[in-house]
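Chemist: model-v9.cif is reproduced in full below (mmCIF, N, CA and C atoms).
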```
data_query
#
loop_
_atom_site.label_atom_id
_atom_site.label_comp_id
_atom_site.auth_asym_id
_atom_site.auth_seq_id
_atom_site.Cartn_x
_atom_site.Cartn_y
_atom_site.Cartn_z
N MET X 30 6.64 77.85 66.10
CA MET X 30 7.98 78.32 65.78
C MET X 30 8.64 77.40 64.76
N ARG X 31 8.42 76.10 64.92
CA ARG X 31 9.02 75.14 64.00
C ARG X 31 8.46 75.30 62.59
N LYS X 32 7.15 75.57 62.50
CA LYS X 32 6.54 75.78 61.19
C LYS X 32 7.11 77.02 60.52
N ILE X 33 7.32 78.05 61.29
CA ILE X 33 7.89 79.29 60.75
C ILE X 33 9.29 79.02 60.23
N PHE X 34 10.09 78.30 61.01
CA PHE X 34 11.45 77.97 60.57
C PHE X 34 11.41 77.16 59.28
N SER X 35 10.52 76.16 59.21
CA SER X 35 10.41 75.33 58.01
C SER X 35 10.01 76.18 56.81
N TYR X 36 9.08 77.10 57.02
CA TYR X 36 8.65 77.97 55.93
C TYR X 36 9.79 78.85 55.44
N VAL X 37 10.53 79.44 56.38
CA VAL X 37 11.66 80.31 56.02
C VAL X 37 12.72 79.50 55.30
N LEU X 38 13.05 78.32 55.80
CA LEU X 38 14.05 77.48 55.16
C LEU X 38 13.59 77.04 53.78
N SER X 39 12.32 76.67 53.66
CA SER X 39 11.77 76.28 52.35
C SER X 39 11.89 77.42 51.35
N SER X 40 11.52 78.59 51.78
CA SER X 40 11.60 79.76 50.91
C SER X 40 13.03 80.04 50.49
N PHE X 41 13.95 79.96 51.46
CA PHE X 41 15.36 80.18 51.16
C PHE X 41 15.88 79.17 50.15
N LEU X 42 15.57 77.90 50.37
CA LEU X 42 16.05 76.86 49.45
C LEU X 42 15.46 77.04 48.06
N LEU X 43 14.21 77.43 48.00
CA LEU X 43 13.58 77.65 46.70
C LEU X 43 14.24 78.80 45.96
N VAL X 44 14.45 79.91 46.65
CA VAL X 44 15.11 81.06 46.03
C VAL X 44 16.51 80.65 45.59
N LEU X 45 17.21 79.92 46.43
CA LEU X 45 18.55 79.46 46.09
C LEU X 45 18.51 78.56 44.86
N SER X 46 17.51 77.70 44.78
CA SER X 46 17.42 76.77 43.66
C SER X 46 17.19 77.49 42.34
N PHE X 47 16.45 78.60 42.36
CA PHE X 47 16.11 79.27 41.11
C PHE X 47 16.93 80.53 40.85
N ASN X 48 17.81 80.90 41.76
CA ASN X 48 18.70 82.03 41.54
C ASN X 48 19.63 81.68 40.39
N ALA X 49 19.78 82.55 39.43
CA ALA X 49 20.59 82.26 38.25
C ALA X 49 22.02 81.87 38.61
N ASN X 50 22.59 82.48 39.63
CA ASN X 50 23.96 82.18 40.01
C ASN X 50 24.07 80.92 40.86
N ALA X 51 23.00 80.54 41.55
CA ALA X 51 23.07 79.41 42.47
C ALA X 51 22.26 78.21 41.99
N TYR X 52 21.68 78.31 40.81
CA TYR X 52 20.76 77.31 40.30
C TYR X 52 21.30 75.90 40.41
N PHE X 53 22.59 75.73 40.11
CA PHE X 53 23.16 74.39 40.06
C PHE X 53 24.12 74.10 41.21
N LYS X 54 24.07 74.85 42.28
CA LYS X 54 25.03 74.65 43.37
C LYS X 54 24.68 73.48 44.28
N LEU X 55 23.41 73.20 44.48
CA LEU X 55 23.03 72.09 45.34
C LEU X 55 23.00 70.82 44.51
N ARG X 56 23.97 69.95 44.77
CA ARG X 56 24.14 68.74 43.97
C ARG X 56 23.94 67.50 44.82
N GLY X 57 24.24 66.36 44.24
CA GLY X 57 24.03 65.08 44.91
C GLY X 57 24.74 64.97 46.24
N ASP X 58 25.95 65.53 46.34
CA ASP X 58 26.65 65.48 47.62
C ASP X 58 25.87 66.23 48.70
N ALA X 59 25.27 67.35 48.33
CA ALA X 59 24.45 68.10 49.29
C ALA X 59 23.22 67.27 49.68
N TRP X 60 22.59 66.65 48.70
CA TRP X 60 21.41 65.82 48.97
C TRP X 60 21.78 64.70 49.95
N ASN X 61 22.88 64.05 49.72
CA ASN X 61 23.30 62.96 50.60
C ASN X 61 23.67 63.45 51.99
N PHE X 62 24.05 64.71 52.11
CA PHE X 62 24.40 65.30 53.40
C PHE X 62 23.16 65.72 54.19
N PHE X 63 22.07 66.08 53.47
CA PHE X 63 20.84 66.51 54.13
C PHE X 63 20.30 65.39 55.03
N ASN X 64 19.73 65.78 56.18
CA ASN X 64 19.00 64.79 56.97
C ASN X 64 17.58 64.70 56.40
N GLU X 65 16.80 63.78 56.91
CA GLU X 65 15.46 63.55 56.36
C GLU X 65 14.58 64.79 56.43
N GLY X 66 14.66 65.54 57.54
CA GLY X 66 13.87 66.76 57.67
C GLY X 66 14.24 67.81 56.64
N GLU X 67 15.53 67.95 56.37
CA GLU X 67 15.98 68.93 55.37
C GLU X 67 15.54 68.51 53.97
N LYS X 68 15.52 67.22 53.71
CA LYS X 68 15.04 66.74 52.41
C LYS X 68 13.55 67.05 52.23
N ILE X 69 12.78 66.85 53.29
CA ILE X 69 11.35 67.15 53.24
C ILE X 69 11.14 68.64 52.98
N VAL X 70 11.88 69.47 53.70
CA VAL X 70 11.75 70.92 53.53
C VAL X 70 12.14 71.32 52.10
N TYR X 71 13.22 70.75 51.58
CA TYR X 71 13.66 71.10 50.23
C TYR X 71 12.60 70.74 49.19
N ILE X 72 12.12 69.51 49.22
CA ILE X 72 11.14 69.07 48.23
C ILE X 72 9.83 69.83 48.38
N ASN X 73 9.35 70.02 49.60
CA ASN X 73 8.11 70.78 49.79
C ASN X 73 8.27 72.23 49.35
N GLY X 74 9.43 72.82 49.64
CA GLY X 74 9.68 74.19 49.19
C GLY X 74 9.72 74.28 47.68
N LEU X 75 10.34 73.30 47.05
CA LEU X 75 10.39 73.26 45.59
C LEU X 75 8.98 73.14 45.01
N MET X 76 8.20 72.22 45.56
CA MET X 76 6.82 72.04 45.08
C MET X 76 5.97 73.28 45.30
N ASP X 77 6.14 73.92 46.46
CA ASP X 77 5.40 75.15 46.72
C ASP X 77 5.78 76.23 45.73
N GLY X 78 7.05 76.38 45.46
CA GLY X 78 7.51 77.39 44.52
C GLY X 78 7.06 77.12 43.10
N LEU X 79 7.07 75.86 42.71
CA LEU X 79 6.65 75.50 41.35
C LEU X 79 5.17 75.74 41.12
N TYR X 80 4.42 75.77 42.19
CA TYR X 80 2.98 76.03 42.09
C TYR X 80 2.70 77.34 41.34
N PHE X 81 3.61 78.31 41.48
CA PHE X 81 3.39 79.63 40.89
C PHE X 81 3.90 79.76 39.47
N LEU X 82 4.55 78.73 38.96
CA LEU X 82 5.07 78.78 37.60
C LEU X 82 3.98 78.38 36.62
N ASN X 83 4.25 78.65 35.33
CA ASN X 83 3.27 78.24 34.33
C ASN X 83 3.24 76.72 34.23
N ASP X 84 2.18 76.19 33.68
CA ASP X 84 1.98 74.74 33.65
C ASP X 84 3.08 74.00 32.89
N LYS X 85 3.56 74.59 31.79
CA LYS X 85 4.58 73.91 30.99
C LYS X 85 5.87 73.72 31.81
N THR X 86 6.30 74.76 32.50
CA THR X 86 7.51 74.66 33.33
C THR X 86 7.26 73.74 34.51
N LYS X 87 6.12 73.91 35.16
CA LYS X 87 5.79 73.11 36.34
C LYS X 87 5.77 71.62 36.00
N ASN X 88 5.26 71.27 34.83
CA ASN X 88 5.16 69.87 34.44
C ASN X 88 6.51 69.20 34.24
N ASN X 89 7.57 69.98 34.03
CA ASN X 89 8.90 69.40 33.91
C ASN X 89 9.44 68.94 35.26
N PHE X 90 8.88 69.45 36.34
CA PHE X 90 9.48 69.21 37.64
C PHE X 90 8.61 68.48 38.66
N ILE X 91 7.31 68.47 38.48
CA ILE X 91 6.48 67.77 39.46
C ILE X 91 5.35 67.02 38.77
N VAL X 92 4.94 65.95 39.41
CA VAL X 92 3.76 65.21 38.99
C VAL X 92 2.73 65.43 40.09
N GLU X 93 1.68 66.11 39.74
CA GLU X 93 0.66 66.41 40.75
C GLU X 93 0.09 65.11 41.30
N GLY X 94 -0.10 65.10 42.61
CA GLY X 94 -0.65 63.92 43.26
C GLY X 94 0.41 62.95 43.75
N VAL X 95 1.66 63.16 43.36
CA VAL X 95 2.75 62.30 43.83
C VAL X 95 3.32 62.93 45.10
N SER X 96 3.40 62.14 46.14
CA SER X 96 3.85 62.61 47.45
C SER X 96 5.32 63.01 47.42
N TYR X 97 5.67 63.96 48.27
CA TYR X 97 7.06 64.35 48.43
C TYR X 97 7.90 63.15 48.87
N LYS X 98 7.28 62.20 49.57
CA LYS X 98 7.99 61.01 50.03
C LYS X 98 8.51 60.19 48.86
N VAL X 99 7.76 60.14 47.78
CA VAL X 99 8.19 59.41 46.59
C VAL X 99 9.42 60.09 46.00
N TYR X 100 9.38 61.41 45.90
CA TYR X 100 10.54 62.15 45.36
C TYR X 100 11.78 61.94 46.24
N ILE X 101 11.60 61.97 47.55
CA ILE X 101 12.74 61.78 48.45
C ILE X 101 13.32 60.38 48.27
N GLN X 102 12.45 59.38 48.23
CA GLN X 102 12.91 58.00 48.05
C GLN X 102 13.66 57.84 46.73
N LYS X 103 13.10 58.39 45.67
CA LYS X 103 13.72 58.26 44.36
C LYS X 103 15.02 59.06 44.25
N LEU X 104 15.07 60.24 44.87
CA LEU X 104 16.32 61.01 44.88
C LEU X 104 17.39 60.29 45.70
N ASN X 105 17.00 59.67 46.80
CA ASN X 105 17.96 58.88 47.57
C ASN X 105 18.56 57.78 46.70
N GLN X 106 17.73 57.09 45.94
CA GLN X 106 18.21 56.04 45.04
C GLN X 106 19.06 56.63 43.92
N PHE X 107 18.61 57.73 43.36
CA PHE X 107 19.30 58.39 42.24
C PHE X 107 20.72 58.77 42.64
N TYR X 108 20.88 59.32 43.83
CA TYR X 108 22.20 59.79 44.26
C TYR X 108 23.05 58.70 44.92
N LEU X 109 22.57 57.48 44.97
CA LEU X 109 23.42 56.37 45.37
C LEU X 109 24.47 56.07 44.30
N ALA X 110 24.12 56.33 43.06
CA ALA X 110 25.04 56.11 41.95
C ALA X 110 26.12 57.19 41.96
N PRO X 111 27.38 56.81 42.10
CA PRO X 111 28.47 57.80 42.17
C PRO X 111 28.48 58.76 40.98
N GLU X 112 28.10 58.27 39.82
CA GLU X 112 28.12 59.11 38.62
C GLU X 112 27.03 60.18 38.62
N ASN X 113 26.11 60.12 39.57
CA ASN X 113 25.04 61.13 39.65
C ASN X 113 25.32 62.20 40.70
N LYS X 114 26.34 62.01 41.51
CA LYS X 114 26.59 62.94 42.62
C LYS X 114 26.93 64.36 42.18
N ALA X 115 27.43 64.53 40.98
CA ALA X 115 27.76 65.87 40.49
C ALA X 115 26.54 66.58 39.90
N LEU X 116 25.45 65.86 39.75
CA LEU X 116 24.26 66.44 39.12
C LEU X 116 23.48 67.29 40.12
N PRO X 117 23.06 68.48 39.70
CA PRO X 117 22.25 69.34 40.57
C PRO X 117 20.94 68.66 40.98
N ILE X 118 20.51 68.93 42.18
CA ILE X 118 19.28 68.32 42.70
C ILE X 118 18.10 68.63 41.80
N ILE X 119 18.01 69.84 41.32
CA ILE X 119 16.87 70.22 40.48
C ILE X 119 16.80 69.36 39.22
N LEU X 120 17.97 68.96 38.68
CA LEU X 120 17.97 68.08 37.51
C LEU X 120 17.62 66.65 37.90
N GLY X 121 17.99 66.25 39.12
CA GLY X 121 17.54 64.95 39.61
C GLY X 121 16.03 64.90 39.71
N VAL X 122 15.45 65.98 40.19
CA VAL X 122 13.98 66.08 40.28
C VAL X 122 13.37 66.02 38.88
N GLU X 123 13.97 66.72 37.93
CA GLU X 123 13.46 66.70 36.56
C GLU X 123 13.51 65.29 35.98
N TYR X 124 14.62 64.59 36.21
CA TYR X 124 14.77 63.22 35.72
C TYR X 124 13.71 62.30 36.34
N ILE X 125 13.53 62.42 37.64
CA ILE X 125 12.55 61.58 38.34
C ILE X 125 11.13 61.87 37.86
N THR X 126 10.85 63.13 37.60
CA THR X 126 9.53 63.49 37.08
C THR X 126 9.30 62.83 35.72
N ALA X 127 10.31 62.86 34.86
CA ALA X 127 10.19 62.19 33.55
C ALA X 127 9.94 60.70 33.74
N GLU X 128 10.65 60.10 34.68
CA GLU X 128 10.48 58.68 34.97
C GLU X 128 9.06 58.40 35.47
N LEU X 129 8.58 59.23 36.39
CA LEU X 129 7.23 59.05 36.93
C LEU X 129 6.15 59.25 35.87
N ARG X 130 6.44 60.07 34.89
CA ARG X 130 5.48 60.31 33.80
C ARG X 130 5.51 59.20 32.75
N GLY X 131 6.41 58.23 32.94
CA GLY X 131 6.44 57.09 32.03
C GLY X 131 7.33 57.25 30.81
N ALA X 132 8.34 58.11 30.89
CA ALA X 132 9.26 58.26 29.76
C ALA X 132 9.93 56.92 29.47
N SER X 133 10.25 56.70 28.22
CA SER X 133 10.90 55.45 27.83
C SER X 133 12.30 55.37 28.42
N GLN X 134 12.81 54.16 28.56
CA GLN X 134 14.16 53.99 29.09
C GLN X 134 15.18 54.65 28.16
N GLU X 135 14.93 54.60 26.88
CA GLU X 135 15.82 55.25 25.91
C GLU X 135 15.87 56.76 26.14
N SER X 136 14.72 57.35 26.37
CA SER X 136 14.64 58.79 26.64
C SER X 136 15.32 59.14 27.96
N LEU X 137 15.10 58.33 28.98
CA LEU X 137 15.73 58.56 30.28
C LEU X 137 17.24 58.42 30.19
N ASP X 138 17.71 57.42 29.44
CA ASP X 138 19.15 57.23 29.26
C ASP X 138 19.78 58.44 28.55
N ALA X 139 19.09 58.94 27.53
CA ALA X 139 19.60 60.11 26.79
C ALA X 139 19.66 61.32 27.72
N LYS X 140 18.63 61.50 28.54
CA LYS X 140 18.57 62.63 29.46
C LYS X 140 19.70 62.56 30.48
N ILE X 141 19.91 61.40 31.09
CA ILE X 141 20.93 61.29 32.12
C ILE X 141 22.34 61.41 31.53
N ASN X 142 22.53 60.87 30.33
CA ASN X 142 23.84 60.99 29.68
C ASN X 142 24.16 62.44 29.34
N GLU X 143 23.17 63.19 28.91
CA GLU X 143 23.38 64.62 28.62
C GLU X 143 23.69 65.38 29.90
N MET X 144 22.97 65.09 30.97
CA MET X 144 23.23 65.74 32.25
C MET X 144 24.66 65.46 32.72
N ARG X 145 25.10 64.23 32.57
CA ARG X 145 26.44 63.85 33.02
C ARG X 145 27.53 64.50 32.17
N LYS X 146 27.23 64.78 30.90
CA LYS X 146 28.20 65.51 30.07
C LYS X 146 28.35 66.95 30.53
N VAL X 147 27.23 67.57 30.87
CA VAL X 147 27.25 68.97 31.30
C VAL X 147 27.83 69.11 32.70
N PHE X 148 27.59 68.12 33.56
CA PHE X 148 28.07 68.17 34.95
C PHE X 148 28.90 66.92 35.26
N PRO X 149 30.11 66.87 34.70
CA PRO X 149 30.95 65.69 34.93
C PRO X 149 31.47 65.65 36.37
N ILE X 150 31.81 64.46 36.79
CA ILE X 150 32.42 64.30 38.13
C ILE X 150 33.81 64.85 38.07
N LYS X 151 34.14 65.69 39.04
CA LYS X 151 35.48 66.27 39.10
C LYS X 151 36.36 65.36 39.94
N SER X 152 37.53 65.09 39.41
CA SER X 152 38.46 64.21 40.14
C SER X 152 39.20 64.94 41.22
#
```
Please lay out the structure from this file as structure tokens.

Modeler:
Amino acid sequence: MRKIFSYVLSSFLLVLSFNANAYFKLRGDAWNFFNEGEKIVYINGLMDGLYFLNDKTKNNFIVEGVSYKVYIQKLNQFYLAPENKALPIILGVEYITAELRGASQESLDAKINEMRKVFPIKS
């Protein structure tokens, strides 16, 4: 029963993540609110869903062979920074994937600055 619930929740989160209207609704505050089990379900659901995308799109979001635990740890660190809390989780995953692939610090800085311009913190 627990596996079925996890599968249904994973599927729901994945659909929510890629729905055009809801694509950017789950942000850093949501990530920080999730418990560890919900984070595992989210990342595994995302990875499962990305499996069906073309390689070019998939490569922007996952590094094959990297455990979901690494993504969770890095997202936890990423969303500790108050200036990242307004950023959608999917963009946090994209940033972390670029970092894991060895992008230069200059490239990572440009990416995060652009994300913060598009999704500023609301006062």

Chemist: How would you write as an MDAnalysis selection string the residues that get within 7 Å of (24.4, 71.1, 39.5) in the file's frame, counting all atoms listed in the file?

Modeler: chainID X and resid 52:57 115:120 148

Chemist: Would you mind reading off the distance between atom N of Glu123 of chain X and atom N of Gln106 of chain X, one decimal, in Å?

Modeler: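 Distance reported for this atom pair: 13.1 Å.
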
Chemist: Separation of atom CA of Arg130 of chain X and atom CA of Thr86 of chain X, in Å?

Modeler: 14.5 Å

Chemist: Have a look at X:Lys140, X:Pro149, X:Ala127, X:Asp84 and name the one nearest to Glu112 of chain X; count all atoms listed in the file.

Modeler: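 Using all atoms listed in the file, the shortest distance to Glu112 of chain X belongs to X:Pro149.
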
Chemist: Quick one, how far is atom N of Lys114 of chain X from atom C of Ala132 of chain X?

Modeler: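 The value is 21.0 Å.
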